[in-house]
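Structure first, then comments.
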2 protein chains.
Amino acid sequence: VARRIKRTYAHKTLIVSVAKGIESESLKLMHQVLEEELQPLSLAVLSGPSHAEEVARGIPTSVAVASKSEDVSQWVQKLFMNDRFRIYTNPDLLGVELGGALKNVISIAAGISDGLGYGDNTKSALLTRGLAEMTRLGVAMGARRETFYGLAGVGDLITTAFSAYGRNRKVGELLGKGMKLNEALATTEMVAEGVKTSIAVEHLSKKYSVEVPISQKVYQVLYEGLAPIKAVQELMLREAKPESSDS
Amino acid sequence: VARRIKRTYAHKTLIVSVAKGIESESLKLMHQVLEEELQPLSLAVLSGPSHAEEVARGIPTSVAVASKSEDVSQWVQKLFMNDRFRIYTNPDLLGVELGGALKNVISIAAGISDGLGYGDNTKSALLTRGLAEMTRLGVAMGARRETFYGLAGVGDLITTAFSAYGRNRKVGELLGKGMKLNEALATTEMVAEGVKTSIAVEHLSKKYSVEVPISQKVYQVLYEGLAPIKAVQELMLREAKPESSDS
């Protein structure tokens with residue numbers, strides 16, 4: 001998309017990115033791709049729990065806006081904020097983008113749990129431990145810890161993992177029910193971005209030497225033929241340990 | 001209950017408390033009440049996303065155990081842990097108890113949002129901002145910040161706020177649909193503890209000078225006749241600001 005608009009793009013035009021994901025090979029985030037291709041003077045990322053279907057219906061929604069420039073953040077806040085759409089500024093561009101991308105992989109795990117017929121207890125535990133590993137990886141990459149506890153982190157994670165609109169959750173559910181990946185993906189025309197992001201997370205966890213047990217199991221289910229039920233069992237059977245975001 | 005078992009209680013008997021709440025007048029937590037009444041040698045608190053209905057069915061569940069003594073925590077971990085029930089130790093007794101209690105109030109807010117017909121966007125925002133105010137109050141009271149990002153904090157909050165079994169969420173939903181508090185409470189024999197905890201949180205927020213806007217709105221809906229829809233509108237119309245857990 002960035003390359004396509006390059007010829008007509010004026011550098012002073014504000015870009016607000018709402019795309020979520022990580023390039024599988026370069027491991028670049030969308031704001032990095034946009035900076036590289038377009039060199040915009042003003043760039044912001046908008047992210048948070050905001051299903052488009054609900055925003056369009058005027059359902060009260062809150063999101064985070066991040067930019068390297070506080071002025072740009074406040075500009076976007078002023079442009080879009082109203083009594084149904086609430087925007088918080090956040091200086092952590094990297095964290096806000098990572099939250100939106102990493103949560104898609106954890107949401108596949110939540111869907112797998114649903115597909116296996118497990119309940120809210122299992123899903124909440126997966127999301128909590130999943131949030132811990134998203135935070136761990138993000139902090140290692142230079143993001144701020146608190147971003148993952150905000151709208152673009154836990155907020156977006158919850159929506160994606162519980163909602164009927166959650167495409168990543170849905171793909172996970174179909175896998176949990178025994179479908180193959182290509183069959184699951186063929187059921188929808190929409191993109192389940194976590195399926196690709198999972199590859200990037202697998203690389204990033206190695207690059208930054210960070211353990212991401214849940215994301216790793218998702219990767220193994222997606223690409224290495226690990227049975228979903230075995231994935232959950234292996235997660236539940238890990239050695240007993242203290243609760244902390246470092247392990 | 002503590003007073004009732006006092007005569008036959010032997011101090012060396014391990015107590016594992018799974019009760020969640022705060023005494024409305026004394027503002028004491030359950031472990032403080034138990035310590036005062038029974039002076040147990042070994043006391044632990046078990047908390048986290050664990051609907052009894054699902055635990056009984058053998059659904060994979062993860063919880064936190066907290067005690068002033070690491071030995072006691074490990075003892076409880078060893079006693080109850082198996083491949084369906086996973087226990088993480090946490091040294092923060094106060095935080096683990098507070099997470100379980102405070103989340104009930106936020107879950108009423110989540111239910112109100114459901115009752116008003118709002119969607120996942122609104123609920124996720126309420127839960128995210130609710131988690132921030134739980135953390136703020138807990139930290140002011142001496143609990144550890146990270147506990148609120150773990151199983152006994154965000155994990156339990158998610159389950160309670162989304163689950164069909166969530167009684168606090170259900171009471172909130174009925175209020176959101178226009179029922180009066182006494183009518184809503186009369187629909188179930190089970191206890192919606194958040195209705196009482198809300199009073200304690202109102203006192204605690206003043207005692208520790210901590211802003212808890214969502215819990216405060218819940219209190220006003222429950223006890224001061226604030227209309228649910230006005231409560232949500234007032235939350236959405238608060239002045240635009242940066243995202244942080246301190247405001």
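Residues are named by chain letter and number: chains run A, B, ... in the order of the structure tokens, numbers start at 1 in each chain, and ligands are numbered from 1 in the order shown.
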Closest pair table for chain A residues within 7 Å of chain B, only C-alpha atoms, as JSON lines:
```
{"residue": "A:Pro49", "atom": "CA", "partner": "B:Asn121", "partner_atom": "CA", "distance": 5.3}
{"residue": "A:Ser50", "atom": "CA", "partner": "B:Asn121", "partner_atom": "CA", "distance": 5.3}
{"residue": "A:His51", "atom": "CA", "partner": "B:Asn121", "partner_atom": "CA", "distance": 6.6}
{"residue": "A:Glu54", "atom": "CA", "partner": "B:Gly119", "partner_atom": "CA", "distance": 6.8}
{"residue": "A:Ile59", "atom": "CA", "partner": "B:Tyr118", "partner_atom": "CA", "distance": 5.9}
{"residue": "A:Pro60", "atom": "CA", "partner": "B:Thr122", "partner_atom": "CA", "distance": 5.3}
{"residue": "A:Thr61", "atom": "CA", "partner": "B:Asn121", "partner_atom": "CA", "distance": 5.2}
{"residue": "A:Ser62", "atom": "CA", "partner": "B:Ala125", "partner_atom": "CA", "distance": 5.8}
{"residue": "A:Asp83", "atom": "CA", "partner": "B:Leu237", "partner_atom": "CA", "distance": 5.9}
{"residue": "A:Arg86", "atom": "CA", "partner": "B:Met236", "partner_atom": "CA", "distance": 6.7}
{"residue": "A:Ile87", "atom": "CA", "partner": "B:Ala240", "partner_atom": "CA", "distance": 7.0}
{"residue": "A:Tyr88", "atom": "CA", "partner": "B:Pro242", "partner_atom": "CA", "distance": 5.1}
{"residue": "A:Thr89", "atom": "CA", "partner": "B:Pro242", "partner_atom": "CA", "distance": 4.5}
{"residue": "A:Asn90", "atom": "CA", "partner": "B:Glu243", "partner_atom": "CA", "distance": 5.7}
{"residue": "A:Tyr118", "atom": "CA", "partner": "B:Ile59", "partner_atom": "CA", "distance": 5.9}
{"residue": "A:Gly119", "atom": "CA", "partner": "B:Ile59", "partner_atom": "CA", "distance": 6.6}
{"residue": "A:Asp120", "atom": "CA", "partner": "B:Thr159", "partner_atom": "CA", "distance": 5.8}
{"residue": "A:Asn121", "atom": "CA", "partner": "B:Thr61", "partner_atom": "CA", "distance": 5.2}
{"residue": "A:Thr122", "atom": "CA", "partner": "B:Thr61", "partner_atom": "CA", "distance": 5.3}
{"residue": "A:Ser124", "atom": "CA", "partner": "B:Gly155", "partner_atom": "CA", "distance": 5.2}
{"residue": "A:Ala125", "atom": "CA", "partner": "B:Ser62", "partner_atom": "CA", "distance": 5.8}
{"residue": "A:Thr128", "atom": "CA", "partner": "B:Gly155", "partner_atom": "CA", "distance": 5.3}
{"residue": "A:Gly150", "atom": "CA", "partner": "B:Thr128", "partner_atom": "CA", "distance": 6.0}
{"residue": "A:Leu151", "atom": "CA", "partner": "B:Thr128", "partner_atom": "CA", "distance": 6.1}
{"residue": "A:Val154", "atom": "CA", "partner": "B:Thr128", "partner_atom": "CA", "distance": 6.8}
{"residue": "A:Gly155", "atom": "CA", "partner": "B:Ser124", "partner_atom": "CA", "distance": 5.2}
{"residue": "A:Ile158", "atom": "CA", "partner": "B:Ser124", "partner_atom": "CA", "distance": 6.4}
{"residue": "A:Thr159", "atom": "CA", "partner": "B:Asp120", "partner_atom": "CA", "distance": 5.8}
{"residue": "A:Ser163", "atom": "CA", "partner": "B:Asp120", "partner_atom": "CA", "distance": 6.6}
{"residue": "A:Met236", "atom": "CA", "partner": "B:Asp83", "partner_atom": "CA", "distance": 6.2}
{"residue": "A:Leu237", "atom": "CA", "partner": "B:Asp83", "partner_atom": "CA", "distance": 5.9}
{"residue": "A:Ala240", "atom": "CA", "partner": "B:Tyr88", "partner_atom": "CA", "distance": 6.7}
{"residue": "A:Lys241", "atom": "CA", "partner": "B:Tyr88", "partner_atom": "CA", "distance": 5.7}
{"residue": "A:Pro242", "atom": "CA", "partner": "B:Thr89", "partner_atom": "CA", "distance": 4.5}
{"residue": "A:Glu243", "atom": "CA", "partner": "B:Tyr88", "partner_atom": "CA", "distance": 5.1}
```
File of the preceding selection, C-alpha atoms, as a CSV table (one decimal), in the first residue's frame:
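Once everything was written out, this is result_8.csv:
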```
chain,number,residue,atom,x,y,z
A,49,PRO,CA,-10.2,-2.4,21.4
A,50,SER,CA,-12.2,-1.1,18.4
A,51,HIS,CA,-14.1,-3.5,16.3
A,54,GLU,CA,-19.1,-1.5,16.6
A,59,ILE,CA,-20.8,2.1,20.3
A,60,PRO,CA,-18.6,3.9,22.9
A,61,THR,CA,-15.0,3.1,22.1
A,62,SER,CA,-11.6,4.0,23.6
A,83,ASP,CA,-18.4,11.5,22.9
A,86,ARG,CA,-12.3,8.4,23.2
A,87,ILE,CA,-8.6,8.7,22.4
A,88,TYR,CA,-5.7,8.5,24.9
A,89,THR,CA,-2.3,9.6,23.9
A,90,ASN,CA,0.7,7.3,24.5
A,118,TYR,CA,-12.5,-25.6,27.5
A,119,GLY,CA,-14.1,-22.8,29.5
A,120,ASP,CA,-13.5,-19.3,30.8
A,121,ASN,CA,-10.9,-20.5,33.4
A,122,THR,CA,-8.6,-21.9,30.7
A,124,SER,CA,-8.4,-16.3,31.1
A,125,ALA,CA,-5.3,-18.1,32.2
A,128,THR,CA,-3.0,-13.6,31.5
A,150,GLY,CA,-3.4,-0.3,28.6
A,151,LEU,CA,-5.9,-0.1,25.8
A,154,VAL,CA,-4.7,-6.0,27.4
A,155,GLY,CA,-7.7,-4.0,26.2
A,158,ILE,CA,-9.5,-9.1,25.6
A,159,THR,CA,-11.8,-7.9,22.8
A,163,SER,CA,-15.5,-11.3,20.6
A,236,MET,CA,-0.4,-26.9,31.7
A,237,LEU,CA,2.3,-29.4,32.6
A,240,ALA,CA,5.3,-25.3,39.0
A,241,LYS,CA,6.8,-21.9,39.6
A,242,PRO,CA,6.3,-18.5,41.1
A,243,GLU,CA,4.1,-16.1,39.1
```
If you run DSSP over the backbone, which residues in region 29-155 of chain A end up strand (DSSP E or B)? Put them as a PyMOL selection string. chain A and resi 29+43-47+61-66+82+85-90
May I have all residues of region 13-66 of chain A that DSSP, computed from the backbone, assigns to helix (DSSP H, G or I), given as a count of residues only? 14
Shell of 12 Å around Ser198 (chain A), only C-alpha atoms, local chain residues under 2 positions omitted, as a PyMOL selection string: chain A and resi 21-25+27+101-109+168+192-196+200-205+212+214-223
So which one's closest to Glu211 (chain B), B:Ala186, B:Leu175, B:Ala227, B:Met134? Using only C-alpha atoms, please.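 Closest to Glu211 (chain B) of all the choices is B:Met134.
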One decimal, Å: what's the distance from CA of Leu98 (chain B) over to CA of Val18 (chain B), could you say?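 Answer for the CA of Leu98 (chain B) to CA of Val18 (chain B) separation: 12.1 Å.
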Could you tell me how far CA of Ala143 (chain A) sits from CA of Leu46 (chain A), in Å to one decimal place?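 The value is 16.0 Å.
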What's around Arg4 (chain B) at 12 Å? Count only C-alpha atoms, leave out sequence neighbours fewer than 3 positions away in its own chain, and write the answer as a PyMOL selection string. chain B and resi 1+7-9+34+37-38
